[in-house]
Each structure stands twice: as C-alpha cells, then as structure tokens.
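A short worksheet on the structure shown next.
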Amino acid sequence: MAPLDDKKDVPMFSDYPQQIPKIECGASLDTDTFKAYPEHNEALGFPGELLPNWKEVAIAKMGELAKKNRAFQVYLDACVKCGACTDKCQYFLGTSDPKNMPVARQDLLRSVYRRYFTFAGKYFPWLVGARDLTKEVLDEWYTYYHQCSQCRRCAVACPYGIDTAEISMAAREILDSVGVGQKYCNEIIAKLKKTGNNLGLNPKALRATLEDMEEDLLDETGVEVKIPLDVKGADILLITPSADFFAEPHIEGLMGYAKVFHSAGVSWTLSSYASEAANFGMFIGSYENMREVSWRIRQAAKDLGVKRIIFGECGHAWRVAYSFLNTLAGPFDFLDQNYPIPQHILEFTLDEIESGRLKIDKSRNDEHVVTFHDSCNVARGSAMGDKEGGQFDVPRAVLKAVCNNFHDMERDTIRENTFCCGGGGGLLTDDLMDLRIKGAKPRMTALKQVADEHGVNKMVAICAICKTQFAKVMPKYGFDMDTIQSAHQLVANAVILDGQETEDDAE
Amino acid sequence: MAYDVNGTAVEHDEEGYITNLSDWSQELAGVIAQAEEIEMTDEHWAVVNFLRDYYEEYQIAPAVRVLIKAIKKSMGPEVGNNKYMYELFPYGPAKQACKIAGLPKPTGCV
Ligand code: SF4
Ligand code: SF4
C-alpha cells in the first residue's frame with residue numbers, strides 16, 4: 001500500500017485575500033474516514049456495530065439531545081438561511097463541495113430533525129425541506145460530519161451565533177450511539193483509558209523518553225534541567241499532550257517548559273497516570289467520555305498532592321480545561337486558590353518574563369521571522385490572562401518578548417477569525433490526508449503572503465494537532481516542515497539559565 | 001487485506017500495519033517496503049532494527065528525536081538527522097518505518 005497522500009495533486013494557493021471557489025457538487029463525497037472496529041466502540045460504551053434498529057435509536061437520540069441541550073435545539077430551529085457563514089469554512093474553501101458550507105452541513109441534520117420533531121415536517125415535509133432518515137442519510141452524516149473540525153469559525157460569522165461545531169458533535173454522538181464510530185477518535189480514547197495517554201505510552205517508556213530529554217538539555221546548556229515524573233508533593237502538575245513526548249516540534253516545546261520551570265525555581269511534575277492533556281471525548285460529543293478523561297487529571301492532582309495545575313500547549317485541551325474542567329471534574333477546592341485553576345503555560349511564562357525573573361536574549365532568535373497561528377479552540381473557546389482577548393495577546397506578548405522579528409498574518413485569518421489548521425476535531429488522521437491538505441489551504445495562503453512580504457520563515461502554534469498537521473502538510477505547499485514551531489521552542493532558544501554555558505563565554 | 005510472503009498470507013489493517021505483531025520476519029519487512037515503494041538499504045535496516053529493539057524493551061516506538069539520536073550514534077550525523085530520515089522514509093520515520101518494522105501505528109496527535 002502506497003502512502004495515502006501520494007497520488008493527490010498539490011493544491012495551489014489561492015490568490016490573496018482568500019478567494020471563494022466555484023462550487024463543485026459532490027467533490028468531497030468520496031472522502032471517508034475509517035470506521036472504528038467493534039472493540040474500539042465497545043470500550044467507549046457504544047454498540048460495536050450498526051444496530052439492526054439503528055433508525056429508531058438514532059431518532060430517539062436526536063430527540064434526547066434536543067431536549068437535554070437547549071442550545072442544540074435552538075441551533076436547529078434558528079437558521080434563517082442568510083448565507084453569512086457559507087464562505088467561512090476552510091473545508092469548503094479547500095474542497096469546493098457545497099455540503100462543506102456550514103449551513104449545508106447543519107442542514108444534513110436539520111432536515112431530519114424537522115421531519116420527526118416539528119409539526120410542519122411531520123405533515124408537510126416537502127414544504128420545509130424535511131427528509132426521512134435513511135441509510136444514505138446516515139452515510140452522508142458520517143462523511144460530512146467528519147469533514148468538520150469543529151473549529152467554530154462559522155459561528156463567529158452567524159448573526160444568530162449558530163455553532164456548527166455543536167451540531168457536528170451531536171451528529172457524531174448519534175452515529176456512535178447506533179454503532180458507527182470513527183476509528184481515529186475511538187481507538188485513541190480506548191487507548192487513553194488503558195494507558196493514560198493517546199499514544200499508549202507506558203510509564204517505563206515515558207520515563208526513558210524524559211531522561212533522554214534531560215540528557216539533551218544538559219548537553220545543550222551544561223545545566224541539570226529536570227523533567228520530573230510522578231513526584232509526590234511537587235507544587236505544580238503539568239498536564240500536556242502526549243505528542244509532547246513523541247513528535248517534532250512538540251518535544252522542543254516540552255524542553256522549553258522545563259527550562260522555564262527550572263529558571264523559575266518551582267517544583268513541578270508530570271503524571272504517568274494523567275499523561276495526556278488532549279480530550280477526544282469532546283470531538284465525539286460524548287460527555288461521559290470527556291468526563292472520564294478529565295477525571296484522571298483530578299485523580300493525579302490528588303494523588304500527587306500538588307497545589308496547582310498547569311496545561312501545556314494543546315488547543316482543545318485548553319478549551320476543555322478553561323471552560324469545562326470544573327464542571328467535569330471539580331470542585332478543585334484542594335488546590336491553591338491564589339493561582340488560576342487551571343493555568344496555561346503561556347500565562348506562567350509571561351509572568352516570569354514580565355517580572356524579569358526569566359533571563360532572555362532575544363537575539364538568539366534573530367534568524368527567525370515569526371508569525372503566530374491562533375489555534376481555533378484557544379481563540380474561540382477559551383481565554384488567557386485577566387484581560388479580554390488574552391488568548392490572542394498573551395501568546396503574542398511571549399513571542400515578542402523572545403524574538404525581534406514578528407509579523408501577524410492577514411487580519412481576517414487570525415485572532416477570532418483564525419482558520420483551522422485543517423486537522424482539528426478528530427480529522428488528524430492519515431486516511432483524511434487529502435482533506436487535511438485541502439483544508440490547510442487558507443492558512444497556507446495567508447502564510448505565503450507574510451512570507452513573501454515580510455520574509456516570515458517560522459510559524460508558531462500552541463496546539464499539538466496544529467503542529468503535527470502543519471509539519472505534515474507544509475511540505476505540500478513548499479514550506480520546510482520545520483517552519484512550524486512550538487511557542488516554547490522559541491522561548492527555549494532565548495532563555496539563559498543561571499550557570500548556562502553560552503557561546504559568548506567560549507569566546 | 002494481506003501481504004503475500006512466499007505464498008503465506010500475512011494479515012494487515014486498512015493502512016498496511018500488520019495485525020499480529022508476531023507475524024513479522026525480515027522477508028515480510030521486504031514485502032511491506034516494496035508495497036511502500038521503498039528499496040531497503042543498510043540505513044533502512046539500521047532504523048528498522050533499532051525500532052524493533054526499542055519496542056521489545058518499551059512496548060512502544062521511540063520518539064523521533066530518540067531514534068535520530070541513536071542512529072546518529074551508530075551511523076554518524078550524515079544519516080542520523082531529521083532530513084535524512086525523511087529521505088529514507090518519505091512518509092515519516094515514525095509511521096512508515098514502524099509499518100515496515102511490524103510495529104503498531106503510533107496514534108494520537110502525532
Ligand atoms: S465549525 Fe469549522 S469546520 Fe465545522 S463547518 Fe464551521 S467553519 Fe467548517
Ligand atoms: S449565518 Fe447562521 S443564520 Fe445565516 S445561513 Fe449560516 S447558520 Fe444560517
């Protein structure tokens with residue numbers, strides 16, 4: 001089997017600003033992601049395979065969700081077809097398939113909801129665009145709700161605030177409830193339940209990896225920078241995506257956190273039991289699974305007796321942590337109430353920088369001309385620091401404090417309008433590589449513009465998914481894979497530790 | 001879905017990762033590599049053998065960084081660097097090399 005992205009043509013950049021493509025019906029209809037095996041579904045509490053009475057179960061589930069989740073019902077009822085969202089989705093812009101327009105994506109579910117849950121739809125379905133739930137409709141849901149990264153860019157544009165991400169989570173929940181799960185998400189959640197992280201990294205392997213990092217840090221700086229694991233009585237528990245123990249450029253970010261903690265002189269630890277910040281329970285819309293994943297963090301914090309919890313660079317983890325952690329796994333009355341619960345690593349680092357405790361030599365990043373990709377879940381689902389817009393300004397403040405050259409991308413593609421990297425929401429799987437490449441087009445177009453105009457050669461992200469996605473798709477657009485960097489990688493370059501051997505000393 | 005190793009079928013998943021890790025053999029690695037359009041050289045084998053040894057010890061594939069460091073030690077910096085790893089395994093040393101080495105696919109945000 002040849003690599004999955006081999007035969008696909010390289011998509012061209014769009015002219016900037018981003019152009020709206022000509023519609024191509026069905027362009028993305030054949031793009032399907034692998035289905036979960038029975039053992040994956042069952043590990044999550046779902047039926048292993050498509051139920052014989054799937055139709056009744058699906059309709060009942062839909063009714064239950066509409067009743068339980070008022071917002072979901074309003075989203076299904078409120079759309080006035082104004083069209084403001086149609087050109088906001090990176091998957092529509094990348095694939096030209098009109099079913100990837102947010103309103104059309106919603107209608108896949110809305111039409112069925114109308115048929116079974118509204119008066120007009122029950123008696124005059126043809127008048128209100130209502131349709132029966134058939135196997136074809138179910139398949140169509142599977143296809144197009146797995147071409148939505150739940151990034152919420154469309155929701156910002158909608159005058160009614162209709163959030164397609166919520167609808168897509170609900171659709172996946174309905175699909176799971178009848179035994180049609182996605183392999184990527186469900187296999188990973190099942191793995192986390194067994195090993196504590198998405199990778200399946202056991203404590204012995206984790207420890208060995210961290211020791212290896214420590215060795216590298218010592219070689220580089222001459223200072224013994226520790227990356228502690230399972231240390232009882234540490235003050236801070238760091239919860240970070242397991243990709244930080246495995247992939248590039250994520251690991252460089254982890255080494256950056258270690259340097260910052262070292263320099264701040266705080267005691268901190270990772271946990272092998274909660275060795276994952278990511279929470280894929282959100283992607284499949286499953287409250288129970290989201291809760292179970294979050295609960296591990298609470299348990300680890302209690303077992304280790306820490307006073308604070310800090311999250312590493314992970315987009316949706318920060319959304320879950322910032323917006324839902326207390327509901328899912330609170331109350332956190334056993335933590336030190338003088339610090340934000342939870343805190344983001346960038347908030348911590350910015351404090352260290354602003355207080356002057358962290359010694360920085362910006363010129364060590366002078367070869368880099370840097371821009372910042374706002375990750376969708378941070379941008380549109382969370383906050384940072386104590387000022388409005390902190391989730392945009394805190395990362396930029398850190399980057400500007402450690403680099404001399406920073407240029408933002410086009411305004412319409414950053415901050416609350418940021419595009420998804422193309423791999424969020426459970427789409428970061430090789431079987432969706434073609435979609436991922438196409439979905440990255442708007443971001444790559446905006447990057448090309450600042451690369452041409454300002455010589456930008458590095459783009460920073462603070463999300464494990466964004467980093468992996470860009471490392472993979474950037475070469476398709478002619479950028480080196482190391483164009484994508486962790487925020488704390490640039491921090492690490494610029495930090496000078498006490499006792500560190502620098503080149504200046506050597507001279 | 002199966003590879004054919006001299007007439008014996010070896011089952012694999014949708015992406016070509018073998019289903020039973022104990023089915024692996026050097027011959028099978030050659031067959032998988034061929035399906036991946038990779039011609040195995042000593043350098044490829046050094047990576048594959050390191051991955052298998054590491055897996056035996058830790059039941060998981062190593063971080064790319066750890067792999068590169070080890071290869072740098074055994075084969076020198078011209079081979080042990082990120083760029084060269086991608087020349088050997090264009091689809092990425094983690095995933096493609098794991099597939100040939102008969103290890104499970106690394107999952108998660110990687
Ligand atoms: S949530 Fe994001 S990916 Fe989904 S339809 Fe809206 S813009 Fe597209
Ligand atoms: S912007 Fe909102 S109201 Fe308008 S078509 Fe889109 S979802 Fe419907």
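Residue names in the structure tokens use chain letters A, B, ... in the order shown, residue numbers from 1 in each chain, and ligand numbers from 1 in the order shown.
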
Report task. List every residue of region 305-339 of chain A that DSSP, applied to the backbone, labels as strand (DSSP E or B), and write the result as a PyMOL selection string. Result -> chain A and resi 308-311

For chain B versus chain A, which residues have an atom no more than 12 Å away, and what is each residue's nearest atom pair and distance in Å rounded to one decimal, using only C-alpha atoms, chain-then-number order, as CSV?
residue,atom,partner,partner_atom,distance
B:Met1,CA,A:Met1,CA,10.3
B:Ala2,CA,A:Met1,CA,10.5
B:Tyr3,CA,A:Met1,CA,9.7
B:His12,CA,A:Met1,CA,10.3
B:Asp13,CA,A:Met1,CA,10.5
B:Glu14,CA,A:Phe34,CA,8.1
B:Glu15,CA,A:Met1,CA,7.1
B:Gly16,CA,A:Met1,CA,6.2
B:Tyr17,CA,A:Met1,CA,9.8
B:Ile18,CA,A:Met1,CA,11.9
B:Val31,CA,A:Met1,CA,10.4
B:Ile32,CA,A:Met1,CA,8.0
B:Ala33,CA,A:Met1,CA,9.2
B:Gln34,CA,A:Met1,CA,8.8
B:Ala35,CA,A:Met1,CA,5.0
B:Glu36,CA,A:Ala2,CA,4.8
B:Glu37,CA,A:Ala2,CA,6.8
B:Ile38,CA,A:Ala2,CA,9.6
B:Tyr54,CA,A:Ala205,CA,9.5
B:Tyr55,CA,A:Ala205,CA,9.5
B:Glu56,CA,A:Ala205,CA,11.1
B:Glu57,CA,A:Ala205,CA,8.5
B:Tyr58,CA,A:Ala205,CA,5.3
B:Gln59,CA,A:Ala205,CA,7.8
B:Ile60,CA,A:Leu201,CA,6.6
B:Ala61,CA,A:Leu201,CA,8.9
B:Pro62,CA,A:Phe246,CA,7.3
B:Ala63,CA,A:Phe246,CA,4.2
B:Val64,CA,A:Ala247,CA,6.3
B:Arg65,CA,A:Glu248,CA,7.6
B:Val66,CA,A:Asp212,CA,7.2
B:Leu67,CA,A:Phe246,CA,10.4
B:Ile68,CA,A:Glu248,CA,11.6
B:Lys69,CA,A:Asp212,CA,9.5
B:Ala70,CA,A:Asp212,CA,10.8
B:Asn82,CA,A:Glu248,CA,9.6
B:Lys83,CA,A:Met481,CA,9.6
B:Tyr86,CA,A:Met481,CA,10.5
B:Phe89,CA,A:Pro3,CA,10.5
B:Pro90,CA,A:Pro3,CA,9.0
B:Tyr91,CA,A:Pro3,CA,6.7
B:Gly92,CA,A:Lys472,CA,8.8
B:Pro93,CA,A:Ala247,CA,10.7
B:Ala94,CA,A:Ala247,CA,8.7
B:Lys95,CA,A:Asp430,CA,9.9
B:Gln96,CA,A:Pro3,CA,8.4
B:Ala97,CA,A:Pro3,CA,11.9
B:Lys99,CA,A:Met1,CA,10.7
B:Ile100,CA,A:Met1,CA,11.4
B:Pro104,CA,A:Gly200,CA,10.4
B:Lys105,CA,A:Leu199,CA,9.4
B:Pro106,CA,A:Leu199,CA,6.2
B:Thr107,CA,A:Leu199,CA,5.1
B:Gly108,CA,A:Asn198,CA,4.8
B:Cys109,CA,A:Ile465,CA,5.3
B:Val110,CA,A:Thr468,CA,5.6

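Contacts with ligand 2 are defined as any residue atom within 7 Å of a ligand atom, using only C-alpha atoms and all ligand atoms; the residues meeting this criterion are A:Ala78, A:Cys79, A:Val80, A:Lys81, A:Cys82, A:Gly83, A:Ala84, A:Cys85, A:Thr86, A:Pro102, A:Val103, A:Ala157, A:Cys158, A:Pro159, A:Tyr160, A:Gly161, A:Ile162.
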
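With only C-alpha atoms and all ligand atoms as the atoms that count, the set of residues no farther than 7 Å from ligand 1 is Lys88, Cys89, Gln90, Tyr91, Asn100, Met101, Pro102, Arg105, Gln147, Cys148, Ser149, Gln150, Cys151, Arg152, Arg153, Cys154, Ala155, Asp163, Thr164 and Ala165 of chain A.
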
Query raised in the report: Hey, what's within 12 Å of Lys135 (chain A) if we count only C-alpha atoms and toss same-chain stuff fewer than 6 positions away? As a PyMOL selection string, please?
Result: chain A and resi 50-55+58+141-142+175+178+180
